[in-house]
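Engineer: Got a structure for you, input.cif, holding mmCIF, C-alpha atoms and all ligand atoms.
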data_my_file
loop_
_atom_site.label_atom_id
_atom_site.label_comp_id
_atom_site.auth_asym_id
_atom_site.auth_seq_id
_atom_site.Cartn_x
_atom_site.Cartn_y
_atom_site.Cartn_z
CA MET T 8 29.89 -30.93 30.24
CA SER T 9 32.68 -33.46 30.44
CA VAL T 10 34.70 -33.45 33.66
CA LYS T 11 38.23 -34.81 33.88
CA PRO T 12 38.24 -37.98 35.94
CA LEU T 13 40.20 -38.26 39.17
CA ARG T 14 39.75 -41.96 39.83
CA SER T 15 43.30 -42.40 41.09
CA VAL T 16 45.57 -39.66 42.44
CA LEU T 17 49.11 -40.84 43.17
CA TYR T 18 51.27 -39.44 45.98
CA VAL T 19 54.94 -39.43 45.07
CA PRO T 20 57.61 -38.47 47.61
CA GLY T 21 59.27 -35.31 46.29
CA ASP T 22 62.70 -36.50 47.44
CA LYS T 23 62.64 -39.73 45.42
CA PRO T 24 63.72 -38.77 41.87
CA ARG T 25 63.28 -42.31 40.56
CA ALA T 26 59.69 -42.49 41.79
CA VAL T 27 58.95 -38.99 40.44
CA GLU T 28 60.27 -39.99 37.03
CA LYS T 29 58.33 -43.24 37.09
CA ALA T 30 55.09 -41.44 38.02
CA ARG T 31 55.13 -39.74 34.59
CA THR T 32 54.75 -43.11 32.89
CA LEU T 33 51.96 -44.47 35.12
CA GLY T 34 48.20 -44.36 34.54
CA ALA T 35 47.10 -42.29 37.54
CA ASP T 36 44.58 -39.58 36.64
CA ALA T 37 46.67 -37.06 38.61
CA VAL T 38 49.87 -36.98 40.61
CA ILE T 39 50.67 -35.27 43.92
CA LEU T 40 54.37 -34.50 44.32
CA ASP T 41 54.71 -34.51 48.08
CA LEU T 42 56.89 -32.13 50.07
CA GLU T 43 55.14 -32.78 53.38
CA ASP T 44 54.87 -36.06 55.30
CA ALA T 45 56.83 -38.18 52.83
CA VAL T 46 59.90 -35.95 53.15
CA ALA T 47 62.14 -35.72 56.22
CA PRO T 48 62.97 -32.19 57.52
CA GLU T 49 66.60 -32.40 56.40
CA ALA T 50 65.53 -33.34 52.85
CA LYS T 51 62.91 -30.59 52.41
CA ASP T 52 65.06 -28.14 50.45
CA ALA T 53 66.46 -30.75 48.08
CA ALA T 54 62.95 -32.20 47.55
CA ARG T 55 61.62 -28.75 46.64
CA GLU T 56 64.32 -28.32 43.98
CA ASN T 57 63.63 -31.81 42.69
CA VAL T 58 59.93 -31.00 42.38
CA ARG T 59 60.69 -27.67 40.72
CA ALA T 60 62.67 -29.49 38.03
CA ALA T 61 59.98 -32.16 37.61
CA LEU T 62 57.28 -29.54 37.07
CA GLY T 63 59.23 -28.40 34.03
CA TRP T 64 58.82 -31.78 32.32
CA ARG T 65 55.98 -32.70 29.99
CA TRP T 66 53.35 -34.63 31.98
CA PRO T 67 50.36 -36.42 30.47
CA ARG T 68 48.14 -35.54 33.45
CA PRO T 69 47.78 -32.82 36.10
CA VAL T 70 50.55 -32.55 38.67
CA LEU T 71 49.68 -31.12 42.08
CA VAL T 72 52.13 -30.29 44.84
CA ARG T 73 51.49 -31.02 48.50
CA VAL T 74 53.19 -28.17 50.33
CA ASN T 75 54.20 -28.04 53.95
CA GLY T 76 51.61 -26.63 56.29
CA LEU T 77 51.03 -23.15 57.60
CA GLY T 78 53.46 -22.23 60.33
CA THR T 79 56.22 -24.55 59.15
CA PRO T 80 59.62 -23.14 58.09
CA TRP T 81 59.06 -24.37 54.52
CA GLU T 82 55.54 -23.11 53.72
CA HIS T 83 56.46 -19.91 51.85
CA ALA T 84 59.26 -21.42 49.77
CA ASP T 85 57.07 -24.40 48.86
CA ARG T 86 54.17 -22.25 47.75
CA GLU T 87 56.40 -19.86 45.80
CA MET T 88 58.03 -22.78 44.00
CA ALA T 89 54.72 -24.47 43.13
CA LEU T 90 53.27 -21.21 41.82
CA THR T 91 56.23 -20.25 39.67
CA ALA T 92 57.11 -23.74 38.42
CA GLY T 93 53.63 -24.46 37.04
CA ALA T 94 51.85 -26.84 39.42
CA ALA T 95 48.26 -27.62 38.39
CA GLY T 96 47.16 -27.15 41.98
CA LEU T 97 48.24 -27.08 45.60
CA VAL T 98 47.38 -29.66 48.20
CA LEU T 99 47.18 -28.03 51.62
CA PRO T 100 47.67 -30.35 54.59
CA LYS T 101 45.56 -30.35 57.77
CA VAL T 102 43.17 -27.59 56.79
CA GLU T 103 41.02 -26.61 59.75
CA ASP T 104 39.43 -23.34 58.83
CA ALA T 105 38.09 -21.59 55.79
CA ARG T 106 39.65 -18.20 56.48
CA THR T 107 43.26 -19.34 56.24
CA VAL T 108 42.54 -20.92 52.86
CA ARG T 109 40.65 -17.85 51.64
CA ASP T 110 43.46 -15.55 52.77
CA LEU T 111 46.06 -17.35 50.69
CA HIS T 112 44.91 -15.69 47.42
CA LEU T 113 47.07 -17.96 45.32
CA GLY T 114 45.14 -18.09 42.06
CA LEU T 115 45.74 -21.85 41.75
CA PRO T 116 43.21 -24.62 42.39
CA LEU T 117 43.49 -25.65 46.03
CA TRP T 118 42.90 -29.11 47.47
CA ALA T 119 42.18 -29.05 51.19
CA MET T 120 43.19 -32.07 53.20
CA ILE T 121 40.70 -32.92 55.90
CA GLU T 122 42.61 -34.91 58.48
CA THR T 123 41.64 -33.58 61.88
CA PRO T 124 38.34 -33.59 63.81
CA LEU T 125 38.09 -29.80 63.46
CA GLY T 126 38.69 -30.08 59.73
CA VAL T 127 35.79 -32.52 59.44
CA LEU T 128 33.48 -30.29 61.46
CA ARG T 129 34.38 -27.28 59.32
CA ALA T 130 34.50 -29.13 56.00
CA PRO T 131 31.36 -27.37 54.68
CA GLU T 132 32.90 -23.88 55.12
CA ILE T 133 36.21 -25.04 53.69
CA ALA T 134 34.52 -26.59 50.64
CA ALA T 135 32.59 -23.37 50.08
CA VAL T 136 35.76 -21.27 49.59
CA THR T 137 36.20 -20.05 46.01
CA GLY T 138 39.34 -21.65 44.60
CA VAL T 139 38.97 -24.87 46.57
CA ALA T 140 38.70 -27.58 43.93
CA GLY T 141 38.19 -30.49 46.27
CA LEU T 142 38.62 -32.12 49.66
CA ILE T 143 41.00 -35.00 50.32
CA VAL T 144 40.59 -37.21 53.36
CA GLY T 145 43.73 -37.88 55.39
CA ALA T 146 42.58 -40.91 57.32
CA ASN T 147 45.82 -41.78 59.11
CA ASP T 148 46.02 -38.53 61.06
CA LEU T 149 42.27 -38.44 61.52
CA ALA T 150 42.11 -41.94 62.99
CA ARG T 151 44.90 -41.05 65.39
CA ALA T 152 43.26 -37.80 66.46
CA LEU T 153 39.94 -39.56 67.01
CA ARG T 154 41.64 -42.36 68.98
CA THR T 155 39.87 -44.96 66.85
CA ARG T 156 40.98 -48.58 66.58
CA PRO T 157 41.75 -50.12 63.17
CA HIS T 158 38.67 -51.74 61.66
CA PRO T 159 38.51 -53.53 58.29
CA ASP T 160 35.40 -51.63 57.19
CA ARG T 161 36.53 -48.22 58.46
CA LEU T 162 33.47 -48.22 60.69
CA PRO T 163 34.92 -45.68 63.16
CA LEU T 164 35.58 -43.24 60.30
CA LEU T 165 32.31 -43.62 58.41
CA HIS T 166 30.72 -40.51 59.85
CA ALA T 167 33.75 -38.39 58.96
CA LEU T 168 34.08 -39.91 55.47
CA SER T 169 30.45 -39.16 54.70
CA ALA T 170 30.73 -35.67 56.17
CA VAL T 171 33.56 -34.91 53.75
CA VAL T 172 31.61 -36.25 50.77
CA LEU T 173 28.55 -34.26 51.84
CA ALA T 174 30.51 -31.02 52.25
CA ALA T 175 32.31 -31.37 48.93
CA ARG T 176 29.25 -32.39 46.94
CA ALA T 177 27.13 -29.61 48.51
CA HIS T 178 29.52 -27.07 46.99
CA GLY T 179 30.21 -28.82 43.69
CA LYS T 180 33.74 -29.79 44.75
CA VAL T 181 35.54 -33.11 44.29
CA PRO T 182 35.81 -35.49 47.28
CA LEU T 183 38.85 -37.80 47.19
CA ASP T 184 39.12 -40.80 49.47
CA ALA T 185 42.07 -41.52 51.77
CA VAL T 186 45.07 -43.75 51.08
CA PHE T 187 45.13 -47.46 51.88
CA ASN T 188 48.41 -48.14 53.65
CA ASP T 189 49.02 -51.84 52.96
CA VAL T 190 50.46 -51.89 49.47
CA ARG T 191 50.67 -55.69 49.56
CA ASP T 192 46.94 -56.26 50.20
CA PRO T 193 45.14 -55.97 46.85
CA GLU T 194 41.89 -57.53 48.15
CA GLY T 195 41.70 -55.11 51.05
CA PHE T 196 42.46 -52.24 48.69
CA ALA T 197 39.73 -53.27 46.22
CA ARG T 198 37.22 -53.54 49.10
CA GLU T 199 38.08 -50.10 50.35
CA CYS T 200 37.81 -48.61 46.82
CA ALA T 201 34.35 -50.16 46.43
CA GLN T 202 33.33 -48.73 49.78
CA GLY T 203 34.68 -45.29 48.83
CA ARG T 204 32.74 -45.29 45.59
CA THR T 205 29.59 -46.40 47.40
CA LEU T 206 30.02 -43.50 49.84
CA GLY T 207 30.19 -41.03 46.96
CA PHE T 208 33.89 -40.29 46.59
CA ALA T 209 35.04 -39.38 43.07
CA GLY T 210 38.32 -41.26 43.39
CA LYS T 211 41.04 -42.51 45.69
CA THR T 212 44.41 -41.16 46.67
CA VAL T 213 46.99 -43.93 46.25
CA ILE T 214 50.60 -44.46 47.31
CA HIS T 215 51.92 -47.22 45.06
CA PRO T 216 51.83 -47.98 41.30
CA ASP T 217 50.04 -51.27 41.96
CA GLN T 218 47.06 -49.39 43.39
CA ILE T 219 46.41 -47.29 40.26
CA ALA T 220 44.67 -49.78 37.97
CA PRO T 221 42.33 -51.14 40.69
CA ALA T 222 41.35 -47.61 41.69
CA ASN T 223 40.70 -46.65 38.06
CA LEU T 224 38.53 -49.74 37.72
CA ALA T 225 36.59 -49.14 40.94
CA PHE T 226 35.90 -45.46 40.30
CA GLY T 227 35.47 -45.77 36.54
CA VAL T 228 32.54 -47.00 34.51
CA THR T 229 32.46 -50.68 33.58
CA GLY T 230 31.35 -51.97 30.18
CA ALA T 231 28.32 -53.58 31.84
CA GLU T 232 27.37 -50.26 33.50
CA ALA T 233 27.68 -48.44 30.18
CA GLU T 234 25.49 -51.06 28.47
CA GLU T 235 22.86 -50.80 31.18
CA ALA T 236 22.93 -47.01 30.93
CA ARG T 237 22.39 -47.19 27.16
CA ALA T 238 19.43 -49.56 27.65
CA LEU T 239 17.92 -47.19 30.22
CA LEU T 240 18.27 -44.25 27.82
CA ALA T 241 16.57 -46.28 25.09
CA ALA T 242 13.68 -47.16 27.42
CA TRP T 243 13.30 -43.50 28.39
CA GLU T 244 13.30 -42.38 24.75
CA GLU T 245 10.69 -45.00 23.86
CA ALA T 246 8.46 -43.85 26.72
CA ARG T 247 8.77 -40.26 25.55
CA GLN T 248 7.83 -41.24 21.98
CA GLU T 249 4.71 -42.84 23.44
CA GLY T 250 3.90 -39.64 25.29
CA LYS T 251 4.53 -41.08 28.76
CA SER T 252 6.04 -38.83 31.41
CA VAL T 253 6.99 -41.67 33.74
CA THR T 254 8.21 -45.15 32.94
CA THR T 255 10.03 -48.12 34.41
CA PHE T 256 13.28 -49.80 33.48
CA ARG T 257 13.71 -53.44 34.40
CA GLY T 258 10.83 -53.12 36.85
CA ALA T 259 11.92 -49.96 38.64
CA LEU T 260 10.63 -46.41 38.24
CA ILE T 261 13.02 -44.11 36.39
CA GLU T 262 13.10 -40.34 36.62
CA GLN T 263 15.09 -37.55 34.99
CA MET T 264 17.95 -37.99 37.53
CA HIS T 265 18.41 -41.61 36.42
CA VAL T 266 18.55 -40.42 32.83
CA ASP T 267 21.13 -37.75 33.67
CA GLU T 268 23.24 -40.31 35.51
CA ALA T 269 22.97 -42.75 32.60
CA ARG T 270 24.09 -40.04 30.16
CA GLU T 271 27.11 -39.28 32.37
CA ARG T 272 28.05 -42.96 32.42
CA VAL T 273 27.80 -43.40 28.68
CA GLU T 274 29.81 -40.22 28.17
CA ALA T 275 32.50 -41.40 30.59
CA TRP T 276 32.68 -44.79 28.92
CA GLU T 277 32.91 -43.27 25.44
CA ALA T 278 35.64 -40.91 26.66
CA GLY T 279 37.70 -43.95 27.67
CA ARG T 280 37.18 -43.56 31.38
CA GLY T 281 36.05 -47.11 31.85
O1 LIG M 301 61.07 -50.64 40.12
P1 LIG M 301 61.46 -49.18 40.18
O2 LIG M 301 62.67 -48.95 41.04
O3 LIG M 301 61.52 -48.51 38.87
O4 LIG M 301 60.27 -48.43 40.96
C1 LIG M 301 59.80 -48.89 42.21
C2 LIG M 301 59.41 -47.69 43.02
O5 LIG M 301 60.27 -46.61 42.88
C3 LIG M 301 58.07 -47.36 42.37
N1 LIG M 301 57.18 -46.66 43.28
C4 LIG M 301 56.59 -45.49 42.97
N2 LIG M 301 56.65 -44.75 41.87
C5 LIG M 301 55.92 -43.61 41.88
N3 LIG M 301 55.14 -43.25 42.92
C6 LIG M 301 55.06 -43.98 44.04
N4 LIG M 301 54.30 -43.59 45.06
C7 LIG M 301 55.81 -45.18 44.09
N5 LIG M 301 55.94 -46.16 45.01
C8 LIG M 301 56.79 -47.04 44.51
O6 LIG M 301 57.48 -48.60 42.04
C9 LIG M 301 58.50 -49.61 41.92
C10 LIG M 301 58.17 -50.73 42.88
O7 LIG M 301 58.20 -50.22 44.19
P2 LIG M 301 58.18 -51.22 45.42
O8 LIG M 301 57.07 -52.19 45.29
O9 LIG M 301 59.54 -51.81 45.58
O10 LIG M 301 57.83 -50.27 46.60
P3 LIG M 301 58.81 -49.70 47.67
O11 LIG M 301 59.01 -50.77 48.70
O12 LIG M 301 60.00 -49.11 47.01
O13 LIG M 301 57.98 -48.51 48.31
C11 LIG M 301 56.79 -48.72 49.04
C12 LIG M 301 56.39 -47.33 49.56
C13 LIG M 301 55.03 -47.43 50.24
C14 LIG M 301 57.44 -46.84 50.56
C15 LIG M 301 56.32 -46.36 48.34
O14 LIG M 301 55.35 -46.87 47.47
C16 LIG M 301 56.06 -44.92 48.67
O15 LIG M 301 56.96 -44.22 49.09
N6 LIG M 301 54.82 -44.48 48.43
C17 LIG M 301 54.42 -43.09 48.63
C18 LIG M 301 54.34 -42.75 50.09
C19 LIG M 301 53.89 -41.33 50.25
O16 LIG M 301 53.91 -40.54 49.34
N7 LIG M 301 53.46 -41.02 51.47
C20 LIG M 301 52.94 -39.71 51.80
C21 LIG M 301 51.58 -39.51 51.27
S1 LIG M 301 50.37 -40.49 52.03
C22 LIG M 301 49.77 -39.54 53.28
O17 LIG M 301 50.40 -38.64 53.71
C23 LIG M 301 48.43 -39.87 53.78
C24 LIG M 301 47.59 -38.68 53.84
#
Represent the supplied structure as structure tokens.
Ligand code: 1VU
Structural biologist:
Amino acid sequence: MSVKPLRSVLYVPGDKPRAVEKARTLGADAVILDLEDAVAPEAKDAARENVRAALGWRWPRPVLVRVNGLGTPWEHADREMALTAGAAGLVLPKVEDARTVRDLHLGLPLWAMIETPLGVLRAPEIAAVTGVAGLIVGANDLARALRTRPHPDRLPLLHALSAVVLAARAHGKVPLDAVFNDVRDPEGFARECAQGRTLGFAGKTVIHPDQIAPANLAFGVTGAEAEEARALLAAWEEARQEGKSVTTFRGALIEQMHVDEARERVEAWEAGRG
């Protein structure tokens, strides 16, 4: 089964019409039109109308809406707008318990943001909710709540990052990595993407057009990986023809899981997700 890639998911402030328009022309695998943190309280209503209009345009990729959180004065109007205007999904900020998500009954794919210590601890129950498509790490709020100090390798957040990947993967949901704040630090961004992929994230949330191509590269399949996967599949086929049930590839034992992974890579490459 081929799964749509979410290597890069771009946040766009809902109150910046120029950025919203530009987002349509960029190569992010999905877009999040943001009504929450990127929009000041006095601009919330205008941003919602702006997003409503933008959802009526033709977009080449899925457009999600990040609504304001439960208990805010804007939550109902945001959700009603996203539902009626045709959002591909809702991003819910600061999710901390499964019941509130389950009780929403929205009939749209939901993306739960995990950005508090309680959210991390309850990530498995949240990921298990029917209708939750994936978990998105919100590292800025999480780092603040945990009272961590900045660290280039995100060492203080590693446990939480892995917990989110584990919870999402355990329930067949998509884990998306947090944003990288410094839009003028491409090396740091590339390092963090590589780390996110190593940890098991499916893609990265990004905040600037310049971060899209590096995220697509880091979370996509490279030509060299596709070639290696093809060679592994050939070695496996040859072993099968010879009646062997186990074999090695370039000196290492390969099993069915390696074959499945190789097939996924070749498929992704052939589908242009390199
Ligand atoms: O050259 P143009 O005028 O045509 O376009 C500018 C600018 O509008 C555009 N651009 C974007 N387009 C779409 N989506 C974006 N996110 C976006 N960011 C910028 O690109 C052209 C060049 O922009 P720039 O290099 O001059 O960048 P600025 O200094 O204008 O803006 C930098 C920031 C970081 C402020 C901007 O990129 C931004 O607002 N990003 C999104 C921030 C956001 O959504 N924050 C909330 C979600 S993150 C979060 O809550 C963590 C969980």
Engineer: Between T:Gly141, T:Pro12, T:Gly34, T:Gly179, which one has atoms that come closest to ligand LIG 301 (chain M), using only C-alpha atoms and all ligand atoms?
Structural biologist: T:Gly34
Engineer: Using only C-alpha atoms, determine which residues lie at most 10 Å from region 165-171 of chain T, disregarding the query and same-chain residues fewer than 2 positions distant; provide the list as a PyMOL selection string.
Structural biologist: chain T and resi 121-124+126-131+134+141-146+149-150+160-163+173-177+181-185+203+206-208
Engineer: Using C-alpha atoms, can you export the residues from the last selection as a PDB file, in the frame of the given file?
Structural biologist:
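Just written: result-v3.pdb:
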ATOM      1  CA  ILE T 121      40.700 -32.920  55.900  1.00  0.00           C
ATOM      2  CA  GLU T 122      42.610 -34.910  58.480  1.00  0.00           C
ATOM      3  CA  THR T 123      41.640 -33.580  61.880  1.00  0.00           C
ATOM      4  CA  PRO T 124      38.340 -33.590  63.810  1.00  0.00           C
ATOM      5  CA  GLY T 126      38.690 -30.080  59.730  1.00  0.00           C
ATOM      6  CA  VAL T 127      35.790 -32.520  59.440  1.00  0.00           C
ATOM      7  CA  LEU T 128      33.480 -30.290  61.460  1.00  0.00           C
ATOM      8  CA  ARG T 129      34.380 -27.280  59.320  1.00  0.00           C
ATOM      9  CA  ALA T 130      34.500 -29.130  56.000  1.00  0.00           C
ATOM     10  CA  PRO T 131      31.360 -27.370  54.680  1.00  0.00           C
ATOM     11  CA  ALA T 134      34.520 -26.590  50.640  1.00  0.00           C
ATOM     12  CA  GLY T 141      38.190 -30.490  46.270  1.00  0.00           C
ATOM     13  CA  LEU T 142      38.620 -32.120  49.660  1.00  0.00           C
ATOM     14  CA  ILE T 143      41.000 -35.000  50.320  1.00  0.00           C
ATOM     15  CA  VAL T 144      40.590 -37.210  53.360  1.00  0.00           C
ATOM     16  CA  GLY T 145      43.730 -37.880  55.390  1.00  0.00           C
ATOM     17  CA  ALA T 146      42.580 -40.910  57.320  1.00  0.00           C
ATOM     18  CA  LEU T 149      42.270 -38.440  61.520  1.00  0.00           C
ATOM     19  CA  ALA T 150      42.110 -41.940  62.990  1.00  0.00           C
ATOM     20  CA  ASP T 160      35.400 -51.630  57.190  1.00  0.00           C
ATOM     21  CA  ARG T 161      36.530 -48.220  58.460  1.00  0.00           C
ATOM     22  CA  LEU T 162      33.470 -48.220  60.690  1.00  0.00           C
ATOM     23  CA  PRO T 163      34.920 -45.680  63.160  1.00  0.00           C
ATOM     24  CA  LEU T 173      28.550 -34.260  51.840  1.00  0.00           C
ATOM     25  CA  ALA T 174      30.510 -31.020  52.250  1.00  0.00           C
ATOM     26  CA  ALA T 175      32.310 -31.370  48.930  1.00  0.00           C
ATOM     27  CA  ARG T 176      29.250 -32.390  46.940  1.00  0.00           C
ATOM     28  CA  ALA T 177      27.130 -29.610  48.510  1.00  0.00           C
ATOM     29  CA  VAL T 181      35.540 -33.110  44.290  1.00  0.00           C
ATOM     30  CA  PRO T 182      35.810 -35.490  47.280  1.00  0.00           C
ATOM     31  CA  LEU T 183      38.850 -37.800  47.190  1.00  0.00           C
ATOM     32  CA  ASP T 184      39.120 -40.800  49.470  1.00  0.00           C
ATOM     33  CA  ALA T 185      42.070 -41.520  51.770  1.00  0.00           C
ATOM     34  CA  GLY T 203      34.680 -45.290  48.830  1.00  0.00           C
ATOM     35  CA  LEU T 206      30.020 -43.500  49.840  1.00  0.00           C
ATOM     36  CA  GLY T 207      30.190 -41.030  46.960  1.00  0.00           C
ATOM     37  CA  PHE T 208      33.890 -40.290  46.590  1.00  0.00           C
TER      38      PHE T 208
END
Engineer: Could you make a table, as CSV, of the residues of region 116-219 of chain T that have an atom within 10 Å of an atom of region 65-81 of chain T, each with its nearest atom pair and distance in Å to one decimal, counting all atoms listed in the file, in chain and number order?
Structural biologist:
residue,atom,partner,partner_atom,distance
T:Pro116,CA,T:Leu71,CA,9.2
T:Leu117,CA,T:Leu71,CA,9.2
T:Trp118,CA,T:Arg73,CA,8.9
T:Ala119,CA,T:Arg73,CA,9.9
T:Met120,CA,T:Arg73,CA,9.6
Engineer: Quick one: write out the picked residues with C-alpha atoms as a CSV table (one decimal), in the frame of the given file?
Structural biologist:
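Writing done, so here's out_21.csv:
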chain,number,residue,atom,x,y,z
T,116,PRO,CA,43.2,-24.6,42.4
T,117,LEU,CA,43.5,-25.6,46.0
T,118,TRP,CA,42.9,-29.1,47.5
T,119,ALA,CA,42.2,-29.0,51.2
T,120,MET,CA,43.2,-32.1,53.2
Engineer: Which residue, T:Asp44, T:Glu82, T:Glu28, T:Glu132, has the smallest gap to Asp148 (chain T) when you use all atoms listed in the file?
Structural biologist: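 Among T:Asp44, T:Glu82, T:Glu28, T:Glu132, it is T:Asp44 that comes nearest to Asp148 (chain T).
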Engineer: Tell me which of T:Pro193, T:Ala94, T:Ala225, T:Leu33 sits closest to Arg14 (chain T), counting all atoms listed in the file.
Structural biologist: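 Checking each candidate against Arg14 (chain T), we get T:Ala225 as the closest.
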Engineer: Record the distance separating CA of Leu239 (chain T) and CA of Lys180 (chain T), expressed in Å with one decimal.
Structural biologist: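 So the two atoms, CA of Leu239 (chain T) and CA of Lys180 (chain T), lie 27.6 Å apart.
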Engineer: At a cut-off of 9 Å, can you tabulate as JSON lines every residue of chain T near ligand LIG 301 (chain M) together with its closest atom pair and the distance in Å to one decimal, using only C-alpha atoms and all ligand atoms and ordering rows by chain then number?
Structural biologist:
{"residue": "T:Leu17", "atom": "CA", "partner": "M:LIG301", "partner_atom": "N4", "distance": 6.2}
{"residue": "T:Tyr18", "atom": "CA", "partner": "M:LIG301", "partner_atom": "O16", "distance": 4.4}
{"residue": "T:Val19", "atom": "CA", "partner": "M:LIG301", "partner_atom": "N4", "distance": 4.2}
{"residue": "T:Pro20", "atom": "CA", "partner": "M:LIG301", "partner_atom": "O16", "distance": 4.6}
{"residue": "T:Gly21", "atom": "CA", "partner": "M:LIG301", "partner_atom": "O16", "distance": 8.1}
{"residue": "T:Lys23", "atom": "CA", "partner": "M:LIG301", "partner_atom": "O5", "distance": 7.7}
{"residue": "T:Pro24", "atom": "CA", "partner": "M:LIG301", "partner_atom": "O5", "distance": 8.6}
{"residue": "T:Arg25", "atom": "CA", "partner": "M:LIG301", "partner_atom": "O5", "distance": 5.7}
{"residue": "T:Ala26", "atom": "CA", "partner": "M:LIG301", "partner_atom": "N2", "distance": 3.8}
{"residue": "T:Val27", "atom": "CA", "partner": "M:LIG301", "partner_atom": "C5", "distance": 5.7}
{"residue": "T:Glu28", "atom": "CA", "partner": "M:LIG301", "partner_atom": "C5", "distance": 7.5}
{"residue": "T:Lys29", "atom": "CA", "partner": "M:LIG301", "partner_atom": "N2", "distance": 5.3}
{"residue": "T:Ala30", "atom": "CA", "partner": "M:LIG301", "partner_atom": "C5", "distance": 4.5}
{"residue": "T:Arg31", "atom": "CA", "partner": "M:LIG301", "partner_atom": "C5", "distance": 8.3}
{"residue": "T:Leu33", "atom": "CA", "partner": "M:LIG301", "partner_atom": "C5", "distance": 7.9}
{"residue": "T:Val38", "atom": "CA", "partner": "M:LIG301", "partner_atom": "N3", "distance": 8.5}
{"residue": "T:Ile39", "atom": "CA", "partner": "M:LIG301", "partner_atom": "O16", "distance": 8.2}
{"residue": "T:Leu40", "atom": "CA", "partner": "M:LIG301", "partner_atom": "O16", "distance": 7.9}
{"residue": "T:Asp41", "atom": "CA", "partner": "M:LIG301", "partner_atom": "O16", "distance": 6.2}
{"residue": "T:Leu42", "atom": "CA", "partner": "M:LIG301", "partner_atom": "C20", "distance": 8.7}
{"residue": "T:Glu43", "atom": "CA", "partner": "M:LIG301", "partner_atom": "C20", "distance": 7.4}
{"residue": "T:Asp44", "atom": "CA", "partner": "M:LIG301", "partner_atom": "O17", "distance": 5.4}
{"residue": "T:Ala45", "atom": "CA", "partner": "M:LIG301", "partner_atom": "C20", "distance": 4.3}
{"residue": "T:Val46", "atom": "CA", "partner": "M:LIG301", "partner_atom": "C20", "distance": 8.0}
{"residue": "T:Arg73", "atom": "CA", "partner": "M:LIG301", "partner_atom": "C21", "distance": 8.9}
{"residue": "T:Pro100", "atom": "CA", "partner": "M:LIG301", "partner_atom": "C24", "distance": 8.4}
{"residue": "T:Met120", "atom": "CA", "partner": "M:LIG301", "partner_atom": "C24", "distance": 8.0}
{"residue": "T:Glu122", "atom": "CA", "partner": "M:LIG301", "partner_atom": "C24", "distance": 7.8}
{"residue": "T:Ile143", "atom": "CA", "partner": "M:LIG301", "partner_atom": "C24", "distance": 8.3}
{"residue": "T:Val144", "atom": "CA", "partner": "M:LIG301", "partner_atom": "C24", "distance": 7.2}
{"residue": "T:Gly145", "atom": "CA", "partner": "M:LIG301", "partner_atom": "C24", "distance": 4.2}
{"residue": "T:Ala146", "atom": "CA", "partner": "M:LIG301", "partner_atom": "C24", "distance": 6.5}
{"residue": "T:Asn147", "atom": "CA", "partner": "M:LIG301", "partner_atom": "C23", "distance": 6.2}
{"residue": "T:Asp148", "atom": "CA", "partner": "M:LIG301", "partner_atom": "C24", "distance": 7.4}
{"residue": "T:Ala185", "atom": "CA", "partner": "M:LIG301", "partner_atom": "C24", "distance": 6.5}
{"residue": "T:Val186", "atom": "CA", "partner": "M:LIG301", "partner_atom": "C23", "distance": 5.8}
{"residue": "T:Phe187", "atom": "CA", "partner": "M:LIG301", "partner_atom": "C23", "distance": 8.5}
{"residue": "T:Asn188", "atom": "CA", "partner": "M:LIG301", "partner_atom": "C13", "distance": 7.5}
{"residue": "T:Asp189", "atom": "CA", "partner": "M:LIG301", "partner_atom": "C13", "distance": 7.9}
{"residue": "T:Val190", "atom": "CA", "partner": "M:LIG301", "partner_atom": "C13", "distance": 6.4}
{"residue": "T:Arg191", "atom": "CA", "partner": "M:LIG301", "partner_atom": "O8", "distance": 8.5}
{"residue": "T:Thr212", "atom": "CA", "partner": "M:LIG301", "partner_atom": "S1", "distance": 8.0}
{"residue": "T:Val213", "atom": "CA", "partner": "M:LIG301", "partner_atom": "N4", "distance": 7.4}
{"residue": "T:Ile214", "atom": "CA", "partner": "M:LIG301", "partner_atom": "C17", "distance": 4.3}
{"residue": "T:His215", "atom": "CA", "partner": "M:LIG301", "partner_atom": "N5", "distance": 4.2}
{"residue": "T:Pro216", "atom": "CA", "partner": "M:LIG301", "partner_atom": "C7", "distance": 5.6}
{"residue": "T:Asp217", "atom": "CA", "partner": "M:LIG301", "partner_atom": "O8", "distance": 7.8}
Engineer: Would you compute the distance between CA of Gly63 (chain T) and CA of Ala92 (chain T)? Give it in Å to one decimal.
Structural biologist: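 These atoms are spaced 6.7 Å apart.
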Engineer: Any idea what the distance is between CA of Ala275 (chain T) and CA of Gly227 (chain T)?
Structural biologist: 8.0 Å
Engineer: What's around Leu111 (chain T) at 12 Å? Count only C-alpha atoms, leave out sequence neighbours fewer than 5 positions away in its own chain, and write the answer as a count of residues only.
Structural biologist: 15
Engineer: Go through T:Gly210, T:Val273, T:Ala37, T:Val253 and flag the residue nearest Glu234 (chain T), using all atoms listed in the file for the distances.
Structural biologist: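 Between T:Gly210, T:Val273, T:Ala37, T:Val253, the residue approaching Glu234 (chain T) most closely is T:Val273.
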Engineer: Which of these residues is nearest to Gly114 (chain T), using only C-alpha atoms: T:Leu90, T:Ala50, T:Ile133, T:Ala269?
Structural biologist: T:Leu90
